[in-house]
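Asker: Just so it is clear, I am handing over final30.csv, which has CSV, C-alpha atoms.
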chain,number,residue,atom,x,y,z
A,1480,MET,CA,56.0,-40.4,-31.6
A,1481,LYS,CA,53.4,-37.8,-32.6
A,1482,GLY,CA,49.7,-38.3,-33.2
A,1483,PHE,CA,46.5,-36.4,-33.6
A,1484,VAL,CA,44.8,-36.4,-30.2
A,1485,PHE,CA,41.1,-35.8,-29.4
A,1486,HIS,CA,40.8,-33.8,-26.1
A,1487,GLY,CA,37.0,-33.3,-26.2
A,1488,PRO,CA,34.5,-31.6,-28.4
A,1489,GLY,CA,36.2,-28.9,-30.5
A,1490,GLN,CA,39.6,-29.7,-28.9
A,1491,SER,CA,42.4,-31.6,-30.6
A,1492,ALA,CA,46.2,-31.3,-31.3
A,1493,TRP,CA,49.1,-33.0,-33.1
A,1494,GLU,CA,51.3,-33.8,-30.2
A,1495,GLU,CA,53.6,-36.4,-28.6
A,1496,VAL,CA,52.1,-39.6,-27.5
A,1497,PRO,CA,53.6,-42.9,-26.3
A,1498,ASP,CA,55.0,-45.2,-28.9
A,1499,PRO,CA,52.8,-48.3,-29.5
A,1500,ALA,CA,54.1,-51.9,-29.1
A,1501,ALA,CA,52.6,-55.3,-29.7
A,1502,GLN,CA,50.7,-56.1,-26.6
A,1503,ASP,CA,49.0,-59.3,-27.6
A,1504,PRO,CA,50.3,-62.2,-29.8
A,1505,THR,CA,47.8,-61.3,-32.5
A,1506,ASP,CA,49.0,-57.6,-32.8
A,1507,ALA,CA,51.0,-55.9,-35.4
A,1508,VAL,CA,52.6,-52.4,-35.3
A,1509,VAL,CA,52.5,-50.4,-38.5
A,1510,ARG,CA,54.7,-47.4,-39.4
A,1511,VAL,CA,52.1,-45.1,-41.1
A,1512,LYS,CA,53.0,-43.9,-44.5
A,1513,ASP,CA,49.7,-42.6,-45.8
A,1514,VAL,CA,46.6,-41.7,-43.8
A,1515,THR,CA,43.4,-39.9,-44.4
A,1516,ILE,CA,40.6,-38.1,-42.6
A,1517,CYS,CA,37.0,-39.4,-42.5
A,1518,GLY,CA,33.7,-37.6,-42.1
A,1519,THR,CA,33.3,-39.7,-39.0
A,1520,ASP,CA,36.4,-38.0,-37.5
A,1521,LEU,CA,34.6,-34.7,-37.9
A,1522,HIS,CA,31.6,-36.1,-36.1
A,1523,ILE,CA,33.9,-37.2,-33.2
A,1524,LEU,CA,35.4,-33.7,-33.0
A,1525,LYS,CA,31.8,-32.2,-32.8
A,1526,GLY,CA,31.0,-34.5,-29.9
A,1527,ASP,CA,28.6,-36.7,-31.9
A,1528,VAL,CA,30.4,-40.0,-30.8
A,1529,PRO,CA,30.5,-39.8,-27.0
A,1530,GLU,CA,32.2,-43.2,-26.7
A,1531,VAL,CA,35.5,-41.7,-27.8
A,1532,GLU,CA,37.5,-40.8,-24.7
A,1533,PRO,CA,39.5,-37.6,-24.5
A,1534,GLY,CA,43.2,-38.5,-25.1
A,1535,THR,CA,42.4,-40.9,-28.0
A,1536,VAL,CA,44.5,-40.7,-31.2
A,1537,LEU,CA,42.0,-40.4,-34.0
A,1538,GLY,CA,41.9,-42.2,-37.4
A,1539,HIS,CA,40.9,-45.6,-38.7
A,1540,GLU,CA,42.4,-45.6,-42.3
A,1541,ALA,CA,46.0,-46.0,-43.2
A,1542,VAL,CA,48.7,-47.6,-45.4
A,1543,GLY,CA,52.1,-48.4,-44.0
A,1544,GLU,CA,54.9,-50.8,-43.3
A,1545,ILE,CA,54.8,-53.7,-40.7
A,1546,VAL,CA,57.5,-53.1,-38.2
A,1547,GLU,CA,56.6,-55.5,-35.4
A,1548,ILE,CA,54.3,-58.6,-35.1
A,1549,GLY,CA,53.1,-60.7,-32.3
A,1550,SER,CA,54.0,-64.4,-32.0
A,1551,ASP,CA,50.6,-65.6,-33.4
A,1552,VAL,CA,50.5,-63.4,-36.6
A,1553,ARG,CA,50.9,-65.5,-39.7
A,1554,THR,CA,49.8,-63.6,-42.8
A,1555,VAL,CA,52.2,-60.6,-42.6
A,1556,ARG,CA,55.7,-60.0,-41.5
A,1557,PRO,CA,58.0,-57.0,-40.9
A,1558,GLY,CA,58.7,-55.1,-44.1
A,1559,ASP,CA,55.3,-55.8,-45.7
A,1560,GLU,CA,53.4,-52.9,-47.2
A,1561,VAL,CA,49.8,-53.1,-45.9
A,1562,LEU,CA,46.4,-51.5,-45.8
A,1563,VAL,CA,45.1,-51.0,-42.3
A,1564,SER,CA,41.4,-51.7,-42.4
A,1565,CYS,CA,38.9,-49.4,-40.6
A,1566,ILE,CA,37.4,-52.6,-39.1
A,1567,THR,CA,39.2,-55.0,-36.8
A,1568,ALA,CA,38.1,-58.7,-36.8
A,1569,CYS,CA,38.9,-61.3,-34.2
A,1570,GLY,CA,37.8,-64.1,-36.7
A,1571,ARG,CA,36.4,-66.3,-34.0
A,1572,CYS,CA,33.2,-64.8,-32.6
A,1573,ARG,CA,29.7,-65.6,-34.1
A,1574,PHE,CA,29.6,-62.5,-36.2
A,1575,CYS,CA,33.1,-62.8,-37.6
A,1576,ARG,CA,32.5,-66.4,-38.6
A,1577,HIS,CA,29.7,-65.1,-40.8
A,1578,GLY,CA,31.9,-62.3,-42.3
A,1579,VAL,CA,30.1,-59.6,-40.3
A,1580,TYR,CA,33.3,-58.1,-39.0
A,1581,GLY,CA,31.8,-54.8,-38.1
A,1582,GLN,CA,29.8,-56.4,-35.3
A,1583,CYS,CA,32.8,-58.4,-33.9
A,1584,GLN,CA,32.2,-59.4,-30.3
A,1585,GLY,CA,35.8,-60.5,-29.7
A,1586,GLY,CA,37.4,-57.1,-29.2
A,1587,GLY,CA,37.1,-55.9,-32.8
A,1588,GLY,CA,34.7,-54.0,-34.9
A,1589,TRP,CA,35.3,-50.3,-35.3
A,1590,ILE,CA,37.9,-49.7,-32.5
A,1591,LEU,CA,40.8,-47.8,-34.2
A,1592,GLY,CA,40.3,-44.1,-33.4
A,1593,HIS,CA,37.2,-45.0,-31.4
A,1594,ARG,CA,38.0,-47.2,-28.5
A,1595,ILE,CA,41.7,-47.5,-28.9
A,1596,HIS,CA,44.4,-45.3,-30.4
A,1597,GLY,CA,44.0,-44.9,-34.2
A,1598,THR,CA,46.0,-44.4,-37.3
A,1599,GLN,CA,46.5,-40.6,-37.5
A,1600,ALA,CA,50.0,-41.0,-36.0
A,1601,GLU,CA,53.5,-42.0,-36.9
A,1602,TYR,CA,52.8,-45.6,-35.8
A,1603,VAL,CA,49.7,-47.6,-34.9
A,1604,ARG,CA,49.1,-50.9,-33.1
A,1605,VAL,CA,46.6,-53.1,-35.0
A,1606,PRO,CA,44.9,-55.9,-33.0
A,1607,TYR,CA,44.1,-59.2,-34.8
A,1608,ALA,CA,46.4,-58.3,-37.6
A,1609,ASP,CA,45.8,-61.5,-39.7
A,1610,LEU,CA,42.3,-60.3,-40.6
A,1611,SER,CA,42.7,-56.6,-40.1
A,1612,VAL,CA,45.6,-55.6,-42.4
A,1613,HIS,CA,45.9,-56.5,-46.1
A,1614,ARG,CA,49.1,-56.7,-48.1
A,1615,LEU,CA,49.0,-54.2,-51.0
A,1616,PRO,CA,48.8,-55.7,-54.5
A,1617,GLY,CA,51.6,-54.6,-56.8
A,1618,GLY,CA,51.2,-51.4,-58.7
A,1619,LEU,CA,48.9,-49.7,-56.2
A,1620,SER,CA,50.3,-46.6,-54.5
A,1621,GLY,CA,49.6,-45.9,-50.8
A,1622,GLN,CA,47.8,-42.7,-51.7
A,1623,ASP,CA,45.4,-44.7,-53.8
A,1624,ALA,CA,45.2,-47.7,-51.6
A,1625,VAL,CA,44.2,-45.8,-48.4
A,1626,LEU,CA,40.8,-45.1,-50.0
A,1627,PHE,CA,40.1,-48.8,-49.6
A,1628,ALA,CA,40.4,-48.7,-45.9
A,1629,ASP,CA,36.9,-47.3,-45.5
A,1630,ILE,CA,35.1,-45.3,-48.2
A,1631,TYR,CA,35.1,-47.9,-51.0
A,1632,PRO,CA,34.0,-50.9,-48.9
A,1633,THR,CA,31.5,-48.7,-47.0
A,1634,ALA,CA,29.9,-47.5,-50.2
A,1635,TYR,CA,30.0,-50.9,-51.8
A,1636,GLU,CA,28.7,-53.0,-48.9
A,1637,VAL,CA,26.4,-50.6,-47.0
A,1638,GLY,CA,25.2,-48.7,-50.0
A,1639,VAL,CA,25.3,-50.8,-53.2
A,1640,LEU,CA,25.0,-54.4,-51.8
A,1641,ASN,CA,22.6,-53.6,-49.0
A,1642,GLY,CA,20.6,-51.5,-51.5
A,1643,ALA,CA,20.4,-54.6,-53.8
A,1644,VAL,CA,21.3,-52.6,-56.9
A,1645,ARG,CA,20.5,-54.6,-60.0
A,1646,PRO,CA,20.9,-54.2,-63.8
A,1647,GLY,CA,18.4,-51.7,-65.2
A,1648,ASP,CA,17.7,-50.0,-61.9
A,1649,THR,CA,17.5,-46.2,-61.3
A,1650,VAL,CA,19.8,-45.5,-58.4
A,1651,ALA,CA,19.8,-42.1,-56.6
A,1652,VAL,CA,22.8,-41.3,-54.4
A,1653,VAL,CA,22.0,-38.5,-51.9
A,1654,GLY,CA,25.4,-36.9,-50.9
A,1655,ALA,CA,28.3,-36.6,-53.3
A,1656,GLY,CA,31.1,-36.6,-50.7
A,1657,PRO,CA,33.8,-39.3,-50.8
A,1658,VAL,CA,31.5,-42.2,-49.8
A,1659,GLY,CA,28.7,-41.1,-52.1
A,1660,LEU,CA,31.2,-40.9,-55.0
A,1661,ALA,CA,32.5,-44.4,-54.2
A,1662,ALA,CA,28.8,-45.5,-54.2
A,1663,ILE,CA,28.3,-44.0,-57.7
A,1664,ARG,CA,31.4,-45.8,-58.9
A,1665,THR,CA,30.7,-49.2,-57.4
A,1666,ALA,CA,27.0,-49.1,-58.4
A,1667,GLN,CA,28.2,-49.0,-62.0
A,1668,LEU,CA,29.5,-52.6,-61.5
A,1669,PHE,CA,25.8,-53.7,-61.6
A,1670,THR,CA,24.9,-51.8,-64.8
A,1671,PRO,CA,22.0,-49.7,-63.6
A,1672,GLU,CA,20.0,-47.8,-66.2
A,1673,ARG,CA,20.9,-44.5,-64.6
A,1674,ILE,CA,22.6,-43.1,-61.5
A,1675,ILE,CA,21.3,-39.7,-60.1
A,1676,ALA,CA,23.6,-37.8,-57.8
A,1677,VAL,CA,22.1,-35.3,-55.4
A,1678,ASP,CA,24.1,-32.7,-53.4
A,1679,LEU,CA,24.1,-29.1,-52.3
A,1680,ASP,CA,27.6,-28.3,-53.6
A,1681,ASP,CA,28.2,-27.7,-57.3
A,1682,SER,CA,31.9,-28.9,-57.2
A,1683,ARG,CA,30.8,-32.2,-55.7
A,1684,LEU,CA,28.1,-32.6,-58.3
A,1685,ASP,CA,30.8,-32.0,-60.9
A,1686,ALA,CA,32.9,-34.8,-59.3
A,1687,ALA,CA,29.9,-37.1,-59.4
A,1688,LYS,CA,29.5,-36.4,-63.1
A,1689,ARG,CA,33.2,-37.2,-63.7
A,1690,LEU,CA,32.9,-40.5,-61.8
A,1691,GLY,CA,29.9,-41.7,-63.8
A,1692,ALA,CA,26.6,-40.2,-62.6
A,1693,ASP,CA,24.2,-39.9,-65.5
A,1694,VAL,CA,22.2,-37.0,-63.9
A,1695,VAL,CA,23.2,-34.5,-61.2
A,1696,VAL,CA,20.8,-32.3,-59.3
A,1697,SER,CA,21.1,-29.8,-56.5
A,1698,VAL,CA,19.0,-30.2,-53.4
A,1699,ARG,CA,17.7,-26.7,-54.2
A,1700,GLU,CA,16.1,-27.9,-57.5
A,1701,ASP,CA,13.6,-30.4,-56.1
A,1702,PRO,CA,15.4,-33.7,-56.8
A,1703,GLY,CA,12.3,-35.7,-55.8
A,1704,GLN,CA,10.4,-34.2,-58.8
A,1705,LEU,CA,13.3,-34.9,-61.1
A,1706,VAL,CA,13.4,-38.6,-60.0
A,1707,ALA,CA,9.7,-38.8,-60.6
A,1708,ASP,CA,10.0,-37.3,-64.0
A,1709,LEU,CA,12.7,-39.7,-65.0
A,1710,THR,CA,10.9,-42.8,-63.8
A,1711,ASP,CA,7.3,-42.1,-65.0
A,1712,GLY,CA,6.3,-41.2,-61.5
A,1713,LEU,CA,7.5,-44.5,-59.9
A,1714,GLY,CA,10.6,-43.3,-58.0
A,1715,ALA,CA,14.1,-44.7,-57.7
A,1716,ASP,CA,14.6,-48.4,-57.3
A,1717,VAL,CA,17.5,-47.8,-54.9
A,1718,VAL,CA,18.2,-44.6,-52.9
A,1719,ILE,CA,21.5,-44.4,-51.0
A,1720,GLU,CA,21.8,-41.9,-48.2
A,1721,ALA,CA,25.4,-40.8,-47.8
A,1722,VAL,CA,25.1,-37.6,-45.8
A,1723,GLY,CA,23.9,-38.4,-42.3
A,1724,VAL,CA,21.4,-35.6,-41.5
A,1725,PRO,CA,17.6,-35.9,-41.0
A,1726,GLU,CA,16.8,-33.9,-44.1
A,1727,SER,CA,18.7,-36.1,-46.4
A,1728,PHE,CA,17.3,-39.3,-44.9
A,1729,GLU,CA,13.7,-38.0,-45.2
A,1730,LEU,CA,14.4,-37.0,-48.8
A,1731,CYS,CA,15.5,-40.5,-49.6
A,1732,THR,CA,12.3,-42.0,-48.3
A,1733,ARG,CA,10.3,-39.6,-50.5
A,1734,MET,CA,12.3,-40.6,-53.6
A,1735,VAL,CA,12.1,-44.4,-53.4
A,1736,ARG,CA,9.5,-46.3,-55.4
A,1737,PRO,CA,7.1,-48.9,-53.9
A,1738,GLY,CA,9.1,-52.1,-53.5
A,1739,GLY,CA,12.4,-50.2,-53.6
A,1740,HIS,CA,15.3,-50.0,-51.2
A,1741,VAL,CA,16.7,-47.2,-49.0
A,1742,ALA,CA,20.2,-47.9,-48.0
A,1743,ASN,CA,21.4,-45.6,-45.2
A,1744,VAL,CA,25.2,-45.1,-45.1
A,1745,GLY,CA,25.5,-41.7,-43.4
A,1746,VAL,CA,26.6,-41.3,-39.8
A,1747,HIS,CA,23.7,-39.7,-38.0
A,1748,GLY,CA,24.2,-37.5,-35.0
A,1749,ARG,CA,20.5,-36.4,-34.6
A,1750,PRO,CA,17.1,-38.2,-34.8
A,1751,ALA,CA,15.4,-38.4,-38.2
A,1752,THR,CA,11.6,-38.7,-38.7
A,1753,LEU,CA,10.5,-42.0,-40.2
A,1754,HIS,CA,7.1,-41.4,-41.9
A,1755,LEU,CA,5.6,-44.8,-41.5
A,1756,GLU,CA,2.2,-43.3,-42.1
A,1757,ASP,CA,3.3,-43.0,-45.7
A,1758,LEU,CA,5.7,-45.9,-46.0
A,1759,TRP,CA,3.9,-48.8,-44.4
A,1760,ILE,CA,2.0,-49.6,-47.5
A,1761,LYS,CA,4.8,-49.3,-50.0
A,1762,ASN,CA,6.8,-52.5,-49.4
A,1763,VAL,CA,10.0,-50.4,-48.9
A,1764,THR,CA,13.1,-52.1,-47.6
A,1765,MET,CA,15.3,-49.9,-45.4
A,1766,THR,CA,18.8,-50.9,-44.3
A,1767,THR,CA,21.4,-49.5,-42.0
A,1768,GLY,CA,24.9,-50.7,-41.3
A,1769,LEU,CA,28.5,-50.4,-40.3
A,1770,VAL,CA,30.9,-51.7,-42.9
A,1771,ASP,CA,32.3,-55.2,-42.5
A,1772,THR,CA,35.2,-54.8,-44.9
A,1773,SER,CA,34.7,-58.3,-46.1
A,1774,SER,CA,34.9,-57.0,-49.7
A,1775,THR,CA,38.3,-55.2,-49.2
A,1776,PRO,CA,40.6,-57.8,-50.8
A,1777,THR,CA,38.3,-57.9,-53.9
A,1778,LEU,CA,38.2,-54.2,-54.2
A,1779,LEU,CA,42.0,-53.9,-53.8
A,1780,ARG,CA,42.5,-56.3,-56.6
A,1781,MET,CA,40.0,-54.4,-58.8
A,1782,ALA,CA,41.8,-51.1,-58.0
A,1783,ALA,CA,45.2,-52.7,-58.9
A,1784,ALA,CA,43.7,-53.8,-62.2
A,1785,GLY,CA,42.5,-50.3,-63.0
A,1786,ARG,CA,38.8,-51.1,-62.6
A,1787,LEU,CA,38.1,-48.6,-59.8
A,1788,PRO,CA,39.4,-44.9,-60.0
A,1789,THR,CA,41.0,-43.3,-57.1
A,1790,SER,CA,43.1,-40.3,-58.0
A,1791,SER,CA,40.2,-38.1,-58.9
A,1792,MET,CA,38.9,-38.3,-55.3
A,1793,VAL,CA,42.1,-37.1,-53.7
A,1794,THR,CA,42.0,-33.3,-53.9
A,1795,HIS,CA,44.5,-32.3,-51.2
A,1796,THR,CA,47.8,-33.8,-49.9
A,1797,PHE,CA,49.8,-32.8,-46.8
A,1798,PRO,CA,52.8,-34.1,-44.9
A,1799,LEU,CA,52.0,-36.2,-41.9
A,1800,ASP,CA,52.7,-33.4,-39.5
A,1801,GLY,CA,50.2,-31.2,-41.4
A,1802,MET,CA,47.3,-32.8,-39.6
A,1803,GLU,CA,45.8,-29.7,-38.1
A,1804,GLU,CA,45.8,-27.9,-41.5
A,1805,ALA,CA,44.4,-31.0,-43.2
A,1806,TYR,CA,41.5,-31.1,-40.7
A,1807,ASP,CA,40.8,-27.4,-41.3
A,1808,VAL,CA,40.7,-27.9,-45.1
A,1809,PHE,CA,38.6,-31.0,-44.9
A,1810,GLY,CA,36.2,-29.5,-42.4
A,1811,ARG,CA,35.6,-26.6,-44.7
A,1812,ALA,CA,35.0,-28.7,-47.8
A,1813,SER,CA,32.2,-26.4,-49.1
A,1814,GLU,CA,34.8,-23.6,-49.2
A,1815,THR,CA,38.0,-25.5,-50.1
A,1816,GLY,CA,36.5,-28.1,-52.6
A,1817,ALA,CA,38.0,-30.9,-50.6
A,1818,LEU,CA,36.9,-34.4,-51.3
A,1819,LYS,CA,39.5,-36.7,-49.8
A,1820,VAL,CA,42.7,-35.4,-48.1
A,1821,VAL,CA,45.7,-37.7,-47.8
A,1822,LEU,CA,48.6,-37.1,-45.5
A,1823,GLY,CA,51.9,-39.0,-45.9
A,1824,GLU,CA,55.6,-39.1,-46.1
A,1825,PRO,CA,57.5,-36.9,-48.5
A,1826,ARG,CA,57.9,-38.6,-51.8
A,1827,HIS,CA,61.2,-38.5,-53.8
A,1828,ASP,CA,61.8,-39.3,-57.4
A,1829,VAL,CA,64.3,-42.1,-58.0
A,1830,LEU,CA,67.0,-40.8,-60.4
A,1831,ALA,CA,69.1,-43.1,-62.5
A,1832,VAL,CA,72.7,-42.2,-61.9
A,1833,PRO,CA,75.1,-43.2,-64.7
A,1834,VAL,CA,78.0,-45.4,-63.6
A,1835,ALA,CA,81.4,-44.2,-64.8
A,1836,SER,CA,83.1,-46.7,-67.0
In structure tokens, how does this file's structure come out?
Answerer:
Amino acid sequence: MKGFVFHGPGQSAWEEVPDPAAQDPTDAVVRVKDVTICGTDLHILKGDVPEVEPGTVLGHEAVGEIVEIGSDVRTVRPGDEVLVSCITACGRCRFCRHGVYGQCQGGGGWILGHRIHGTQAEYVRVPYADLSVHRLPGGLSGQDAVLFADIYPTAYEVGVLNGAVRPGDTVAVVGAGPVGLAAIRTAQLFTPERIIAVDLDDSRLDAAKRLGADVVVSVREDPGQLVADLTDGLGADVVIEAVGVPESFELCTRMVRPGGHVANVGVHGRPATLHLEDLWIKNVTMTTGLVDTSSTPTLLRMAAAGRLPTSSMVTHTFPLDGMEEAYDVFGRASETGALKVVLGEPRHDVLAVPVAS
């Protein structure tokens, strides 16, 4: 088969790799139909995630068809259409038994495209399939469903739930990329008074407005002062960091009110300064986290019921073998306007052919 292989910082290629097979009784092999690229993949290509070995197939989000299962797999069978979660869960270790799948100690956690071959390929082996793939609900296309492999549960769990968004809150989301947009949408489930989106890119601010942000502001326009003006000088109740650079994290800590929450979602490749000399007295709660994906089944059902929008986030589509072009477009998002790119099989309309009488 072919897959998108990391060969070291700045080096990658769509090339032939060995076909996967079920190695353990809990494995499944999935034929990939839809796959996407994550900002974390860009971090890997830059060398920000040194644990990824050269020769690894990247990717941790996909939708596809089960083609093989191990003898212990019970919840899916060949032919099932499934979502491949970005997080793998053994289901038995201390963390998994508490639903904290991202910290799995039994060989799971974030392993696809990180410690083992990932989803940006024609086929992928998924360990611990019973908890790590989800059958698709009816009426949800693969292109829509693939957004629930990572960005929606990440935004919801690490941003909105960790940030403890409550009715009537002022919520500021710093970073209007795919995860930030998903945080804006899922924060609305808790009826905050207002949601403020902050970004440098005007097209992403426009997308934030379409998805429900009440106020949008460029980083160039002093968002801290705007938040203060809108809250009588108090600051935001919840600030969600969805970029992953020191400047955005430090901006979040300046915008939060005393007693508020800063929920860091962004993947950081460099140290950020934590100004405890200012924050120690403010009763601020700060959280970090890797997504657990425990919310994925609920979010999938909500998407199938039309409660969570998806199509407006997918700005570019490519065939599966267009991986190198897709990475180029996604990596130049400020120029291309890319939010989420999806690669998949060619789709054909089904035509009704009249039967001769």
Asker: Which of these residues is nearest to Gly1558 in chain A, using all atoms listed in the file: A:Gly1570, A:Ile1590, A:Val1694, A:Arg1510?
Answerer: A:Arg1510
Asker: What does the structure give for the distance between CA of His1795 in chain A and CA of Val1536 in chain A, in Å to one decimal?
Answerer: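 These atoms are spaced 21.7 Å apart.
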Asker: Hey, which of A:Val1542, A:Val1531, A:Ala1805, A:Ala1817 ends up closest to Asp1623 in chain A? Count all atoms listed in the file.
Answerer: A:Val1542
Asker: So which one's closest to His1740 in chain A, A:Asp1693, A:Gly1723, A:Val1555, A:Val1718? Using all atoms listed in the file, please.
Answerer: A:Val1718
Asker: Mind working out the centre and edge lengths of an axis-aligned box for range 1582-1598 of chain A, all listed atoms inside, 4 Å added to each side, rounded to one decimal in Å and written as JSON?
Answerer:
{"center_x": 37.9, "center_y": -52.3, "center_z": -32.9, "size_x": 24.2, "size_y": 24.4, "size_z": 16.8}
Asker: Residues at most 9 Å from Ser1774 in chain A, counting all atoms listed in the file, excluding those fewer than 4 positions away in the same chain, as a tab-separated table (two decimals) with C-alpha atoms, in the coordinates of the input?
Answerer:
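Dumped everything to selection-v2.tsv:
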chain	number	residue	atom	x	y	z
A	1632	PRO	CA	34.00	-50.90	-48.90
A	1635	TYR	CA	30.00	-50.90	-51.80
A	1636	GLU	CA	28.70	-53.00	-48.90
A	1778	LEU	CA	38.20	-54.20	-54.20
A	1779	LEU	CA	42.00	-53.90	-53.80
Asker: Identify which of the residues A:Thr1567, A:Thr1670, A:Gln1704, A:Gln1584 lies closest to Thr1772 in chain A, counting only C-alpha atoms when measuring atom-to-atom distances.
Answerer: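 Under the stated criterion, the closest residue is A:Thr1567.
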Asker: Can you list, as a list in words, every protein, DNA or RNA residue that comes within 7 Å of Gly1745 in chain A when you count all atoms listed in the file, leaving out same-chain residues fewer than 4 positions away?
Answerer: Glu1720, Ala1721, Val1722 and Gly1723 of chain A
Asker: Would you pick out the contacts of Pro1557 in chain A at 10 Å or less, using only C-alpha atoms, so that residues sharing its chain but fewer than 3 positions from it are not included, and give the list as a PyMOL selection string?
Answerer: chain A and resi 1507-1509+1544-1548+1560
Asker: Between A:Cys1731, A:Cys1569, A:Leu1758, A:Leu1769, single out the one closest to Ala1651 in chain A, counting only C-alpha atoms.
Answerer: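 Smallest distance to Ala1651 in chain A is found for A:Cys1731.
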Asker: Might you pull out every residue within 8 Å of Phe1809 in chain A, with all atoms listed in the file counted and same-chain residues fewer than 5 positions away left off, and present them as a list in words?
Answerer: Ile1516, Thr1815, Ala1817, Leu1818, Lys1819 and Val1820 of chain A
Asker: From the set A:Thr1665, A:Asp1680, A:Gly1482, A:Val1696, which residue has the shortest atom-to-atom contact distance to Arg1786 in chain A, counting all atoms listed in the file?
Answerer: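 Selected residue with least distance to Arg1786 in chain A: A:Thr1665.
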Asker: Would you be able to write out as a VMD selection string which residues have an atom within 12 Å of (52.3, -55.2, -59.5) in the file's coordinates, counting only C-alpha atoms?
Answerer: chain A and resid 1614 to 1620 1779 to 1780 1782 to 1785
Asker: Please report the interatomic distance between CA of Leu1690 in chain A and CA of Val1637 in chain A in Å with one decimal.
Answerer: 19.1 Å
Asker: Within 10 Å of Ile1523 in chain A, counting only C-alpha atoms, which residues qualify if same-chain residues fewer than 5 places away don't, as a PyMOL selection string?
Answerer: chain A and resi 1485+1487-1489+1518+1528-1532+1537+1592-1593+1748
Asker: Between CA of Phe1574 in chain A and CA of Gly1586 in chain A, measure the distance and give it in Å to one decimal.
Answerer: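 CA of Gly1586 in chain A lies at a distance of 11.8 Å from CA of Phe1574 in chain A.
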